>>> print(open('final39.pdb').read())   # PDB, C-alpha atoms
MODEL        1
ATOM      1  CA  MET A 950       7.929  -6.430  26.086  1.00  0.00           C
ATOM      2  CA  ARG A 951       9.789  -8.210  23.297  1.00  0.00           C
ATOM      3  CA  ARG A 952      11.417  -6.138  20.631  1.00  0.00           C
ATOM      4  CA  GLN A 953       9.926  -6.075  17.124  1.00  0.00           C
ATOM      5  CA  LYS A 954      13.093  -7.637  15.720  1.00  0.00           C
ATOM      6  CA  GLU A 955      12.612 -10.697  17.901  1.00  0.00           C
ATOM      7  CA  ASP A 956       8.855 -10.821  17.314  1.00  0.00           C
ATOM      8  CA  LEU A 957       9.267 -11.191  13.541  1.00  0.00           C
ATOM      9  CA  LYS A 958      11.538 -14.216  13.610  1.00  0.00           C
ATOM     10  CA  GLY A 959       9.659 -17.162  12.151  1.00  0.00           C
ATOM     11  CA  GLN A 960       6.968 -14.960  10.614  1.00  0.00           C
ATOM     12  CA  ARG A 961       6.251 -14.875   6.883  1.00  0.00           C
ATOM     13  CA  ALA A 962       5.189 -11.801   4.898  1.00  0.00           C
ATOM     14  CA  LEU A 963       3.830 -11.222   1.403  1.00  0.00           C
ATOM     15  CA  VAL A 964       4.716  -7.775   0.043  1.00  0.00           C
ATOM     16  CA  THR A 965       3.155  -6.652  -3.232  1.00  0.00           C
ATOM     17  CA  GLY A 966       4.871  -3.940  -5.222  1.00  0.00           C
ATOM     18  CA  ALA A 967       8.114  -5.171  -3.657  1.00  0.00           C
ATOM     19  CA  SER A 968      10.421  -4.233  -6.533  1.00  0.00           C
ATOM     20  CA  SER A 969      10.814  -0.572  -5.524  1.00  0.00           C
ATOM     21  CA  GLY A 970       9.552   2.281  -3.370  1.00  0.00           C
ATOM     22  CA  ILE A 971       7.635   1.715  -0.154  1.00  0.00           C
ATOM     23  CA  GLY A 972       7.211  -2.012  -0.831  1.00  0.00           C
ATOM     24  CA  LEU A 973      10.950  -2.542  -1.197  1.00  0.00           C
ATOM     25  CA  ALA A 974      11.737  -0.428   1.892  1.00  0.00           C
ATOM     26  CA  VAL A 975       9.223  -2.334   4.014  1.00  0.00           C
ATOM     27  CA  ALA A 976      10.486  -5.696   2.723  1.00  0.00           C
ATOM     28  CA  GLU A 977      14.054  -4.710   3.593  1.00  0.00           C
ATOM     29  CA  ARG A 978      13.077  -3.801   7.148  1.00  0.00           C
ATOM     30  CA  LEU A 979      11.030  -6.954   7.667  1.00  0.00           C
ATOM     31  CA  LEU A 980      13.995  -9.045   6.566  1.00  0.00           C
ATOM     32  CA  ALA A 981      16.321  -7.147   8.894  1.00  0.00           C
ATOM     33  CA  ARG A 982      14.008  -8.111  11.764  1.00  0.00           C
ATOM     34  CA  GLY A 983      14.116 -11.819  10.978  1.00  0.00           C
ATOM     35  CA  CYS A 984      11.004 -12.210   8.808  1.00  0.00           C
ATOM     36  CA  PHE A 985      10.726 -14.420   5.713  1.00  0.00           C
ATOM     37  CA  VAL A 986       9.504 -12.216   2.839  1.00  0.00           C
ATOM     38  CA  VAL A 987       7.746 -13.190  -0.375  1.00  0.00           C
ATOM     39  CA  GLY A 988       7.938 -10.339  -2.877  1.00  0.00           C
ATOM     40  CA  ALA A 989       5.434  -9.907  -5.703  1.00  0.00           C
ATOM     41  CA  SER A 990       5.488  -7.542  -8.674  1.00  0.00           C
ATOM     42  CA  ARG A 991       5.570  -7.538 -12.479  1.00  0.00           C
ATOM     43  CA  HIS A 992       9.369  -7.338 -12.501  1.00  0.00           C
ATOM     44  CA  GLU A 993      11.696  -8.292  -9.667  1.00  0.00           C
ATOM     45  CA  GLY A 994      13.631  -5.021  -9.896  1.00  0.00           C
ATOM     46  CA  ASN A 995      15.597  -4.151  -6.781  1.00  0.00           C
ATOM     47  CA  PHE A 996      14.012  -6.981  -4.814  1.00  0.00           C
ATOM     48  CA  ALA A 997      16.687  -9.120  -6.499  1.00  0.00           C
ATOM     49  CA  LYS A 998      19.259  -7.431  -4.245  1.00  0.00           C
ATOM     50  CA  LEU A 999      17.325  -8.548  -1.173  1.00  0.00           C
ATOM     51  CA  ARG A1000      17.179 -12.106  -2.510  1.00  0.00           C
ATOM     52  CA  ALA A1001      20.933 -12.046  -2.934  1.00  0.00           C
ATOM     53  CA  ALA A1002      21.428 -10.723   0.608  1.00  0.00           C
ATOM     54  CA  TYR A1003      18.851 -13.049   2.224  1.00  0.00           C
ATOM     55  CA  PRO A1004      18.745 -16.179   0.008  1.00  0.00           C
ATOM     56  CA  ASP A1005      17.254 -18.375   2.755  1.00  0.00           C
ATOM     57  CA  ARG A1006      14.506 -15.945   3.780  1.00  0.00           C
ATOM     58  CA  THR A1007      13.122 -14.624   0.500  1.00  0.00           C
ATOM     59  CA  ASP A1008      10.940 -15.843  -2.328  1.00  0.00           C
ATOM     60  CA  TYR A1009       9.431 -14.079  -5.308  1.00  0.00           C
ATOM     61  CA  VAL A1010       6.270 -14.436  -7.391  1.00  0.00           C
ATOM     62  CA  VAL A1011       5.890 -12.713 -10.755  1.00  0.00           C
ATOM     63  CA  ALA A1012       2.429 -11.123 -10.816  1.00  0.00           C
ATOM     64  CA  ASP A1013       0.818  -8.381 -12.907  1.00  0.00           C
ATOM     65  CA  LEU A1014      -1.982  -7.288 -10.594  1.00  0.00           C
ATOM     66  CA  SER A1015      -3.843  -5.541 -13.395  1.00  0.00           C
ATOM     67  CA  ARG A1016      -4.687  -9.107 -14.519  1.00  0.00           C
ATOM     68  CA  MET A1017      -7.194 -10.805 -12.247  1.00  0.00           C
ATOM     69  CA  GLU A1018      -5.841 -14.239 -13.185  1.00  0.00           C
ATOM     70  CA  ASP A1019      -2.470 -13.153 -11.781  1.00  0.00           C
ATOM     71  CA  VAL A1020      -4.145 -12.011  -8.562  1.00  0.00           C
ATOM     72  CA  THR A1021      -5.719 -15.442  -8.188  1.00  0.00           C
ATOM     73  CA  ARG A1022      -2.428 -17.162  -8.979  1.00  0.00           C
ATOM     74  CA  LEU A1023      -0.653 -15.068  -6.367  1.00  0.00           C
ATOM     75  CA  ILE A1024      -3.207 -15.868  -3.664  1.00  0.00           C
ATOM     76  CA  GLU A1025      -2.968 -19.569  -4.479  1.00  0.00           C
ATOM     77  CA  ALA A1026       0.833 -19.679  -4.914  1.00  0.00           C
ATOM     78  CA  PRO A1027       2.552 -22.248  -2.655  1.00  0.00           C
ATOM     79  CA  ALA A1028       4.945 -19.547  -1.398  1.00  0.00           C
ATOM     80  CA  CYS A1029       1.972 -17.534  -0.069  1.00  0.00           C
ATOM     81  CA  GLN A1030       0.115 -20.227   1.821  1.00  0.00           C
ATOM     82  CA  GLU A1031       1.779 -19.786   5.218  1.00  0.00           C
ATOM     83  CA  VAL A1032       1.857 -16.003   5.149  1.00  0.00           C
ATOM     84  CA  ASN A1033       0.744 -14.269   8.349  1.00  0.00           C
ATOM     85  CA  LEU A1034       1.703 -10.724   7.315  1.00  0.00           C
ATOM     86  CA  LEU A1035       0.374  -9.034   4.170  1.00  0.00           C
ATOM     87  CA  VAL A1036       1.641  -5.709   2.869  1.00  0.00           C
ATOM     88  CA  ALA A1037      -0.785  -4.788   0.070  1.00  0.00           C
ATOM     89  CA  ASN A1038       1.333  -2.059  -1.432  1.00  0.00           C
ATOM     90  CA  ALA A1039       1.103  -2.410  -5.234  1.00  0.00           C
ATOM     91  CA  GLY A1040      -0.333   0.616  -6.982  1.00  0.00           C
ATOM     92  CA  PHE A1041       0.427   3.506  -9.312  1.00  0.00           C
ATOM     93  CA  GLY A1042      -0.940   6.822 -10.511  1.00  0.00           C
ATOM     94  CA  CYS A1043      -1.309   8.765 -13.725  1.00  0.00           C
ATOM     95  CA  PHE A1044      -1.658  12.454 -14.563  1.00  0.00           C
ATOM     96  CA  GLY A1045      -3.817  14.236 -17.134  1.00  0.00           C
ATOM     97  CA  ASP A1046      -7.205  15.884 -17.520  1.00  0.00           C
ATOM     98  CA  TYR A1047     -10.424  14.299 -18.777  1.00  0.00           C
ATOM     99  CA  ARG A1048      -9.730  15.417 -22.365  1.00  0.00           C
ATOM    100  CA  ASN A1049      -6.560  13.319 -22.557  1.00  0.00           C
ATOM    101  CA  GLU A1050      -7.609  10.110 -24.313  1.00  0.00           C
ATOM    102  CA  ARG A1051      -4.070   8.719 -24.141  1.00  0.00           C
ATOM    103  CA  ILE A1052      -4.433   7.929 -20.432  1.00  0.00           C
ATOM    104  CA  ASP A1053      -7.803   6.167 -20.657  1.00  0.00           C
ATOM    105  CA  GLU A1054      -6.386   2.634 -20.806  1.00  0.00           C
ATOM    106  CA  ARG A1055      -3.794   3.483 -18.166  1.00  0.00           C
ATOM    107  CA  GLU A1056      -6.537   4.674 -15.828  1.00  0.00           C
ATOM    108  CA  ILE A1057      -8.445   1.423 -16.304  1.00  0.00           C
ATOM    109  CA  GLN A1058      -5.323  -0.548 -15.369  1.00  0.00           C
ATOM    110  CA  MET A1059      -4.863   1.740 -12.370  1.00  0.00           C
ATOM    111  CA  VAL A1060      -8.371   1.009 -11.097  1.00  0.00           C
ATOM    112  CA  GLN A1061      -7.753  -2.711 -11.542  1.00  0.00           C
ATOM    113  CA  VAL A1062      -4.524  -2.613  -9.520  1.00  0.00           C
ATOM    114  CA  ASN A1063      -5.314   0.049  -6.913  1.00  0.00           C
ATOM    115  CA  CYS A1064      -8.886  -1.079  -6.243  1.00  0.00           C
ATOM    116  CA  LEU A1065      -9.878  -4.496  -7.551  1.00  0.00           C
ATOM    117  CA  ALA A1066      -6.642  -6.408  -6.993  1.00  0.00           C
ATOM    118  CA  THR A1067      -6.106  -4.798  -3.595  1.00  0.00           C
ATOM    119  CA  GLN A1068      -9.644  -5.620  -2.515  1.00  0.00           C
ATOM    120  CA  ARG A1069      -9.282  -9.256  -3.565  1.00  0.00           C
ATOM    121  CA  LEU A1070      -6.015  -9.612  -1.680  1.00  0.00           C
ATOM    122  CA  ILE A1071      -7.387  -7.980   1.459  1.00  0.00           C
ATOM    123  CA  LYS A1072     -10.477 -10.182   1.530  1.00  0.00           C
ATOM    124  CA  ALA A1073      -8.562 -13.373   0.797  1.00  0.00           C
ATOM    125  CA  TYR A1074      -6.138 -12.796   3.637  1.00  0.00           C
ATOM    126  CA  LEU A1075      -8.707 -11.408   6.073  1.00  0.00           C
ATOM    127  CA  ARG A1076     -10.554 -14.697   5.716  1.00  0.00           C
ATOM    128  CA  ARG A1077      -7.362 -16.662   6.343  1.00  0.00           C
ATOM    129  CA  PHE A1078      -6.365 -14.509   9.307  1.00  0.00           C
ATOM    130  CA  ASP A1079      -9.854 -14.258  10.797  1.00  0.00           C
ATOM    131  CA  LYS A1080      -9.316 -17.238  13.104  1.00  0.00           C
ATOM    132  CA  THR A1081      -5.590 -17.906  12.894  1.00  0.00           C
ATOM    133  CA  GLY A1082      -4.463 -14.306  13.399  1.00  0.00           C
ATOM    134  CA  GLY A1083      -2.373 -12.153  11.100  1.00  0.00           C
ATOM    135  CA  ARG A1084      -1.715  -8.560  10.131  1.00  0.00           C
ATOM    136  CA  ILE A1085      -2.491  -6.613   6.955  1.00  0.00           C
ATOM    137  CA  LEU A1086      -0.995  -3.267   6.002  1.00  0.00           C
ATOM    138  CA  VAL A1087      -2.640  -1.552   3.026  1.00  0.00           C
ATOM    139  CA  THR A1088      -0.900   1.339   1.293  1.00  0.00           C
ATOM    140  CA  ALA A1089      -3.505   3.971   0.515  1.00  0.00           C
ATOM    141  CA  SER A1090      -2.468   7.642   0.390  1.00  0.00           C
ATOM    142  CA  ALA A1091      -3.168  11.056   1.828  1.00  0.00           C
ATOM    143  CA  ALA A1092      -4.890  11.463  -1.552  1.00  0.00           C
ATOM    144  CA  ALA A1093      -7.736   9.464   0.009  1.00  0.00           C
ATOM    145  CA  PHE A1094      -8.680  12.508   2.067  1.00  0.00           C
ATOM    146  CA  GLY A1095      -9.774  14.634  -0.897  1.00  0.00           C
ATOM    147  CA  ALA A1096     -10.144  15.031  -4.651  1.00  0.00           C
ATOM    148  CA  ALA A1097      -7.789  16.567  -7.177  1.00  0.00           C
ATOM    149  CA  PRO A1098      -7.933  17.877 -10.736  1.00  0.00           C
ATOM    150  CA  TYR A1099      -5.631  16.135 -13.222  1.00  0.00           C
ATOM    151  CA  MET A1100      -5.257  13.158 -10.860  1.00  0.00           C
ATOM    152  CA  ALA A1101      -8.970  12.654 -10.291  1.00  0.00           C
ATOM    153  CA  ALA A1102      -8.962   8.921 -10.984  1.00  0.00           C
ATOM    154  CA  TYR A1103      -5.917   8.257  -8.797  1.00  0.00           C
ATOM    155  CA  TYR A1104      -7.366  10.156  -5.833  1.00  0.00           C
ATOM    156  CA  ALA A1105     -10.630   8.291  -6.329  1.00  0.00           C
ATOM    157  CA  THR A1106      -8.889   4.889  -6.226  1.00  0.00           C
ATOM    158  CA  LYS A1107      -7.235   5.778  -2.941  1.00  0.00           C
ATOM    159  CA  ALA A1108     -10.493   7.062  -1.470  1.00  0.00           C
ATOM    160  CA  TYR A1109     -12.102   3.775  -2.518  1.00  0.00           C
ATOM    161  CA  ILE A1110      -9.562   1.604  -0.746  1.00  0.00           C
ATOM    162  CA  TYR A1111      -9.525   3.908   2.289  1.00  0.00           C
ATOM    163  CA  ARG A1112     -13.294   3.721   2.772  1.00  0.00           C
ATOM    164  CA  LEU A1113     -13.301   0.009   2.005  1.00  0.00           C
ATOM    165  CA  CYS A1114     -10.798  -0.722   4.762  1.00  0.00           C
ATOM    166  CA  LEU A1115     -12.574   1.503   7.296  1.00  0.00           C
ATOM    167  CA  GLY A1116     -15.687  -0.552   6.656  1.00  0.00           C
ATOM    168  CA  TYR A1117     -13.800  -3.825   7.001  1.00  0.00           C
ATOM    169  CA  GLN A1118     -12.267  -2.650  10.282  1.00  0.00           C
ATOM    170  CA  ARG A1119     -15.737  -2.198  11.753  1.00  0.00           C
ATOM    171  CA  GLU A1120     -16.879  -5.579  10.418  1.00  0.00           C
ATOM    172  CA  MET A1121     -13.812  -7.203  11.996  1.00  0.00           C
ATOM    173  CA  LYS A1122     -14.649  -5.747  15.402  1.00  0.00           C
ATOM    174  CA  ILE A1123     -18.217  -7.003  15.182  1.00  0.00           C
ATOM    175  CA  ALA A1124     -16.986 -10.466  14.120  1.00  0.00           C
ATOM    176  CA  HIS A1125     -14.281 -10.537  16.849  1.00  0.00           C
ATOM    177  CA  SER A1126     -11.723 -11.250  14.160  1.00  0.00           C
ATOM    178  CA  ARG A1127      -8.189 -12.126  15.200  1.00  0.00           C
ATOM    179  CA  ALA A1128      -6.866 -10.302  12.144  1.00  0.00           C
ATOM    180  CA  GLU A1129      -5.465  -6.765  12.292  1.00  0.00           C
ATOM    181  CA  LEU A1130      -5.927  -4.314   9.405  1.00  0.00           C
ATOM    182  CA  SER A1131      -4.063  -1.017   9.099  1.00  0.00           C
ATOM    183  CA  LEU A1132      -4.107   1.695   6.434  1.00  0.00           C
ATOM    184  CA  LEU A1133      -0.964   3.598   5.460  1.00  0.00           C
ATOM    185  CA  CYS A1134      -1.731   7.077   4.093  1.00  0.00           C
ATOM    186  CA  PRO A1135       1.469   8.952   3.233  1.00  0.00           C
ATOM    187  CA  GLY A1136       1.771  12.153   1.264  1.00  0.00           C
ATOM    188  CA  PRO A1137       4.260  12.345  -1.626  1.00  0.00           C
ATOM    189  CA  VAL A1138       7.156   9.925  -1.115  1.00  0.00           C
ATOM    190  CA  ALA A1139      10.499   9.889  -2.907  1.00  0.00           C
ATOM    191  CA  THR A1140      10.013   6.743  -5.005  1.00  0.00           C
ATOM    192  CA  GLY A1141       9.562   6.005  -8.704  1.00  0.00           C
ATOM    193  CA  PHE A1142       5.939   7.182  -8.506  1.00  0.00           C
ATOM    194  CA  GLU A1143       6.598  10.489 -10.285  1.00  0.00           C
ATOM    195  CA  LYS A1144       8.307   8.875 -13.275  1.00  0.00           C
ATOM    196  CA  ALA A1145       5.706   6.112 -13.566  1.00  0.00           C
ATOM    197  CA  GLY A1146       2.837   8.610 -13.360  1.00  0.00           C
ATOM    198  CA  ASP A1147       4.445  11.147 -15.724  1.00  0.00           C
ATOM    199  CA  LEU A1148       4.194  13.928 -13.151  1.00  0.00           C
ATOM    200  CA  LYS A1149       6.258  16.018 -10.767  1.00  0.00           C
ATOM    201  CA  PHE A1150       5.421  16.677  -7.111  1.00  0.00           C
ATOM    202  CA  GLN A1151       5.234  20.346  -6.162  1.00  0.00           C
ATOM    203  CA  PHE A1152       5.716  19.549  -2.464  1.00  0.00           C
ATOM    204  CA  LYS A1153       8.922  18.050  -1.092  1.00  0.00           C
ATOM    205  CA  PRO A1154       8.459  14.267  -0.976  1.00  0.00           C
ATOM    206  CA  MET A1155       9.113  12.327   2.214  1.00  0.00           C
ATOM    207  CA  ASP A1156      12.041   9.944   2.508  1.00  0.00           C
ATOM    208  CA  VAL A1157      10.876   6.414   1.718  1.00  0.00           C
ATOM    209  CA  GLY A1158      12.937   4.882   4.524  1.00  0.00           C
ATOM    210  CA  ARG A1159      11.389   7.161   7.134  1.00  0.00           C
ATOM    211  CA  VAL A1160       7.924   6.362   5.842  1.00  0.00           C
ATOM    212  CA  ALA A1161       8.642   2.613   6.028  1.00  0.00           C
ATOM    213  CA  ASP A1162      10.037   2.899   9.570  1.00  0.00           C
ATOM    214  CA  TYR A1163       7.035   4.898  10.771  1.00  0.00           C
ATOM    215  CA  ALA A1164       4.603   2.553   9.047  1.00  0.00           C
ATOM    216  CA  LEU A1165       6.057  -0.556  10.670  1.00  0.00           C
ATOM    217  CA  LYS A1166       6.212   1.073  14.093  1.00  0.00           C
ATOM    218  CA  LYS A1167       2.518   1.983  13.988  1.00  0.00           C
ATOM    219  CA  TRP A1168       1.450  -1.227  12.206  1.00  0.00           C
ATOM    220  CA  PHE A1169       2.740  -3.402  15.026  1.00  0.00           C
ATOM    221  CA  LYS A1170       0.920  -1.182  17.487  1.00  0.00           C
ATOM    222  CA  ASN A1171      -2.330  -1.935  15.608  1.00  0.00           C
ATOM    223  CA  LYS A1172      -2.850   1.668  14.502  1.00  0.00           C
ATOM    224  CA  ALA A1173      -5.943   1.721  12.275  1.00  0.00           C
ATOM    225  CA  VAL A1174      -4.895   4.656  10.049  1.00  0.00           C
ATOM    226  CA  ILE A1175      -1.206   5.507   9.776  1.00  0.00           C
ATOM    227  CA  VAL A1176      -0.379   8.992   8.461  1.00  0.00           C
ATOM    228  CA  PRO A1177       3.362   9.817   8.355  1.00  0.00           C
ATOM    229  CA  GLY A1178       4.163  13.502   8.762  1.00  0.00           C
ATOM    230  CA  PHE A1179       2.490  16.033  11.058  1.00  0.00           C
ATOM    231  CA  ALA A1180       1.368  18.194   8.131  1.00  0.00           C
ATOM    232  CA  TYR A1181      -0.555  15.307   6.578  1.00  0.00           C
ATOM    233  CA  ARG A1182      -2.187  14.431   9.869  1.00  0.00           C
ATOM    234  CA  LEU A1183      -3.450  18.022   9.961  1.00  0.00           C
ATOM    235  CA  LEU A1184      -4.560  17.643   6.350  1.00  0.00           C
ATOM    236  CA  ARG A1185      -6.671  14.651   7.305  1.00  0.00           C
ATOM    237  CA  ILE A1186      -8.446  16.710   9.949  1.00  0.00           C
ATOM    238  CA  GLY A1187      -8.829  19.724   7.680  1.00  0.00           C
ATOM    239  CA  ALA A1188     -10.252  17.655   4.836  1.00  0.00           C
ATOM    240  CA  LYS A1189     -13.173  16.692   7.077  1.00  0.00           C
ATOM    241  CA  ILE A1190     -14.281  20.284   7.597  1.00  0.00           C
ATOM    242  CA  ALA A1191     -13.066  22.173   4.501  1.00  0.00           C
ATOM    243  CA  PRO A1192     -15.433  22.596   1.522  1.00  0.00           C
ATOM    244  CA  ASP A1193     -14.671  20.389  -1.467  1.00  0.00           C
ATOM    245  CA  SER A1194     -14.110  23.417  -3.690  1.00  0.00           C
ATOM    246  CA  LEU A1195     -11.274  24.574  -1.439  1.00  0.00           C
ATOM    247  CA  ILE A1196      -9.690  21.106  -1.348  1.00  0.00           C
ATOM    248  CA  THR A1197      -9.558  20.881  -5.139  1.00  0.00           C
ATOM    249  CA  LYS A1198      -7.974  24.334  -5.322  1.00  0.00           C
ATOM    250  CA  VAL A1199      -5.227  23.190  -2.958  1.00  0.00           C
ATOM    251  CA  THR A1200      -4.658  19.800  -4.580  1.00  0.00           C
ATOM    252  CA  LYS A1201      -4.450  21.419  -8.032  1.00  0.00           C
ATOM    253  CA  LYS A1202      -0.993  22.574  -6.930  1.00  0.00           C
ATOM    254  CA  ALA A1203       0.139  19.153  -5.688  1.00  0.00           C
ATOM    255  CA  ALA A1204       1.618  17.956  -8.994  1.00  0.00           C
ATOM    256  CA  VAL A1205       2.270  19.080 -12.556  1.00  0.00           C
TER     257      VAL A1205
ENDMDL
END
>>> encode(input="final39.pdb", output="structure tokens")
Amino acid sequence: MRRQKEDLKGQRALVTGASSGIGLAVAERLLARGCFVVGASRHEGNFAKLRAAYPDRTDYVVADLSRMEDVTRLIEAPACQEVNLLVANAGFGCFGDYRNERIDEREIQMVQVNCLATQRLIKAYLRRFDKTGGRILVTASAAAFGAAPYMAAYYATKAYIYRLCLGYQREMKIAHSRAELSLLCPGPVATGFEKAGDLKFQFKPMDVGRVADYALKKWFKNKAVIVPGFAYRLLRIGAKIAPDSLITKVTKKAAV
């Protein structure tokens, strides 16, 4: 069997949310294995360092995925036309209860990025990959397995994309698609998520590099749902049998 590093030479990936966090870590590892990577985000951020290190194997598209016109522009961008790997990673969260009017607009933007933009990207590339072949990795979250007070909208967006992709996976089998679709569902990860969401994790976050390594390992083995961390794999099982009232009591302690 050929090693992953060799397998990725000559392949081309689009990574959304590539400026930091999981997107940046995945992009870095794809580049190290010989892949050409197109990064996409509102601001280039730390992806600029990868462009400096790999000038011949990187490109970048400025895109605010809360704007549907930017989603369309990204899909149609010349740099994205020969992509055969998609990492749909862009997303964010926000914290506050239903009485907090200050987060209303932020929540709307969150739904647009986490749900609508992600769905459009997945469908666009599933259609491209259906006959030609290609892989899609979608960053959801262990939040998809339950509901939570104070982050109700965020958990709901992740549940939406999780259920959406499970449905697509079944459709793909029925259609004998040549595409592969995997879901990444990590727990808290040490990224800029806390600062962006104005919250603080109460559980120790996982190292972003370890999450990226595990995600890629399972992605290229065609794992349908990828859950880094044994505790979160147990959580996925427990969420299927525990009453909703218990889940919300537990998740109330997840962040402050």
>>> closest_residue(input="final39.pdb", among="A:Val1062, A:Leu1034, A:Ala1026, A:Val1174", to="Arg991 in chain A", atoms="only C-alpha atoms")
A:Val1062
>>> atom_distance(input="final39.pdb", atom1="CA of Ser1015 in chain A", atom2="CA of Asn1063 in chain A")
8.7 Å
>>> residues_around(input="final39.pdb", residues="range 1079-1088 of chain A", least_positions_apart="5", cutoff="7 Å", atoms="only C-alpha atoms", output="PyMOL selection string")
chain A and resi 1033-1038+1126-1134+1168
>>> resolve_selection(input="final39.pdb", expression="the PyMOL selection byres ((chain A and resi 957) around 12)", output="list in words")
Arg951, Arg952, Gln953, Lys954, Glu955, Asp956, Lys958, Gly959, Gln960, Arg961, Ala962, Arg978, Leu979, Leu980, Ala981, Arg982, Gly983, Cys984, Phe985, Val986, Asn1033, Leu1034, Gly1083, Arg1084, Leu1165 and Phe1169 of chain A
>>> resolve_selection(input="final39.pdb", expression="the PyMOL selection byres ((chain A and resi 1016) around 12)", output="list in words")
Ser990, Arg991, Val1011, Ala1012, Asp1013, Leu1014, Ser1015, Met1017, Glu1018, Asp1019, Val1020, Thr1021, Arg1022, Leu1023, Ile1057, Gln1058, Met1059, Val1060, Gln1061, Val1062, Asn1063, Leu1065, Ala1066, Thr1067 and Arg1069 of chain A
>>> residues_near_point(input="final39.pdb", point="(-2.6, 7.2, -18.6)", cutoff="8 Å", atoms="all atoms listed in the file", output="PyMOL selection string")
chain A and resi 1043-1045+1051-1056+1146
>>> closest_residue(input="final39.pdb", among="A:Lys1107, A:Arg1006, A:Arg1185, A:Arg1112", to="Ala1039 in chain A", atoms="all atoms listed in the file")
A:Lys1107
>>> atom_distance(input="final39.pdb", atom1="CA of Val1138 in chain A", atom2="CA of Pro1004 in chain A")
28.6 Å
>>> resolve_selection(input="final39.pdb", expression="the PyMOL selection byres ((chain A and resi 1098) around 7)", output="NGL selection string")
:A and (1097 or 1099-1101 or 1197 or 1201)
>>> decode(input="final39.pdb", residues="range 1177-1189 of chain A", atoms="N, CA and C atoms", output="tab-separated table (two decimals), in the first residue's frame")
chain	number	residue	atom	x	y	z
A	1177	PRO	N	-12.47	12.36	17.24
A	1177	PRO	CA	-11.21	12.27	17.98
A	1177	PRO	C	-11.45	12.21	19.48
A	1178	GLY	N	-10.73	11.34	20.16
A	1178	GLY	CA	-10.84	11.26	21.61
A	1178	GLY	C	-11.83	10.20	22.06
A	1179	PHE	N	-11.35	9.26	22.89
A	1179	PHE	CA	-12.19	8.15	23.34
A	1179	PHE	C	-13.41	8.66	24.11
A	1180	ALA	N	-13.21	9.69	24.94
A	1180	ALA	CA	-14.32	10.21	25.74
A	1180	ALA	C	-15.46	10.71	24.86
A	1181	TYR	N	-15.13	11.33	23.73
A	1181	TYR	CA	-16.17	11.87	22.86
A	1181	TYR	C	-16.82	10.78	22.02
A	1182	ARG	N	-16.11	9.70	21.79
A	1182	ARG	CA	-16.75	8.57	21.13
A	1182	ARG	C	-17.78	7.93	22.08
A	1183	LEU	N	-17.44	7.89	23.37
A	1183	LEU	CA	-18.42	7.41	24.35
A	1183	LEU	C	-19.61	8.37	24.45
A	1184	LEU	N	-19.31	9.67	24.37
A	1184	LEU	CA	-20.37	10.67	24.41
A	1184	LEU	C	-21.36	10.47	23.28
A	1185	ARG	N	-20.85	10.16	22.11
A	1185	ARG	CA	-21.73	9.93	20.96
A	1185	ARG	C	-22.69	8.78	21.22
A	1186	ILE	N	-22.17	7.73	21.83
A	1186	ILE	CA	-23.02	6.57	22.15
A	1186	ILE	C	-24.03	6.95	23.25
A	1187	GLY	N	-23.52	7.62	24.28
A	1187	GLY	CA	-24.39	7.99	25.39
A	1187	GLY	C	-25.51	8.93	25.00
A	1188	ALA	N	-25.21	9.83	24.05
A	1188	ALA	CA	-26.21	10.81	23.63
A	1188	ALA	C	-27.40	10.15	22.95
A	1189	LYS	N	-27.20	8.93	22.44
A	1189	LYS	CA	-28.29	8.23	21.76
A	1189	LYS	C	-29.28	7.60	22.74
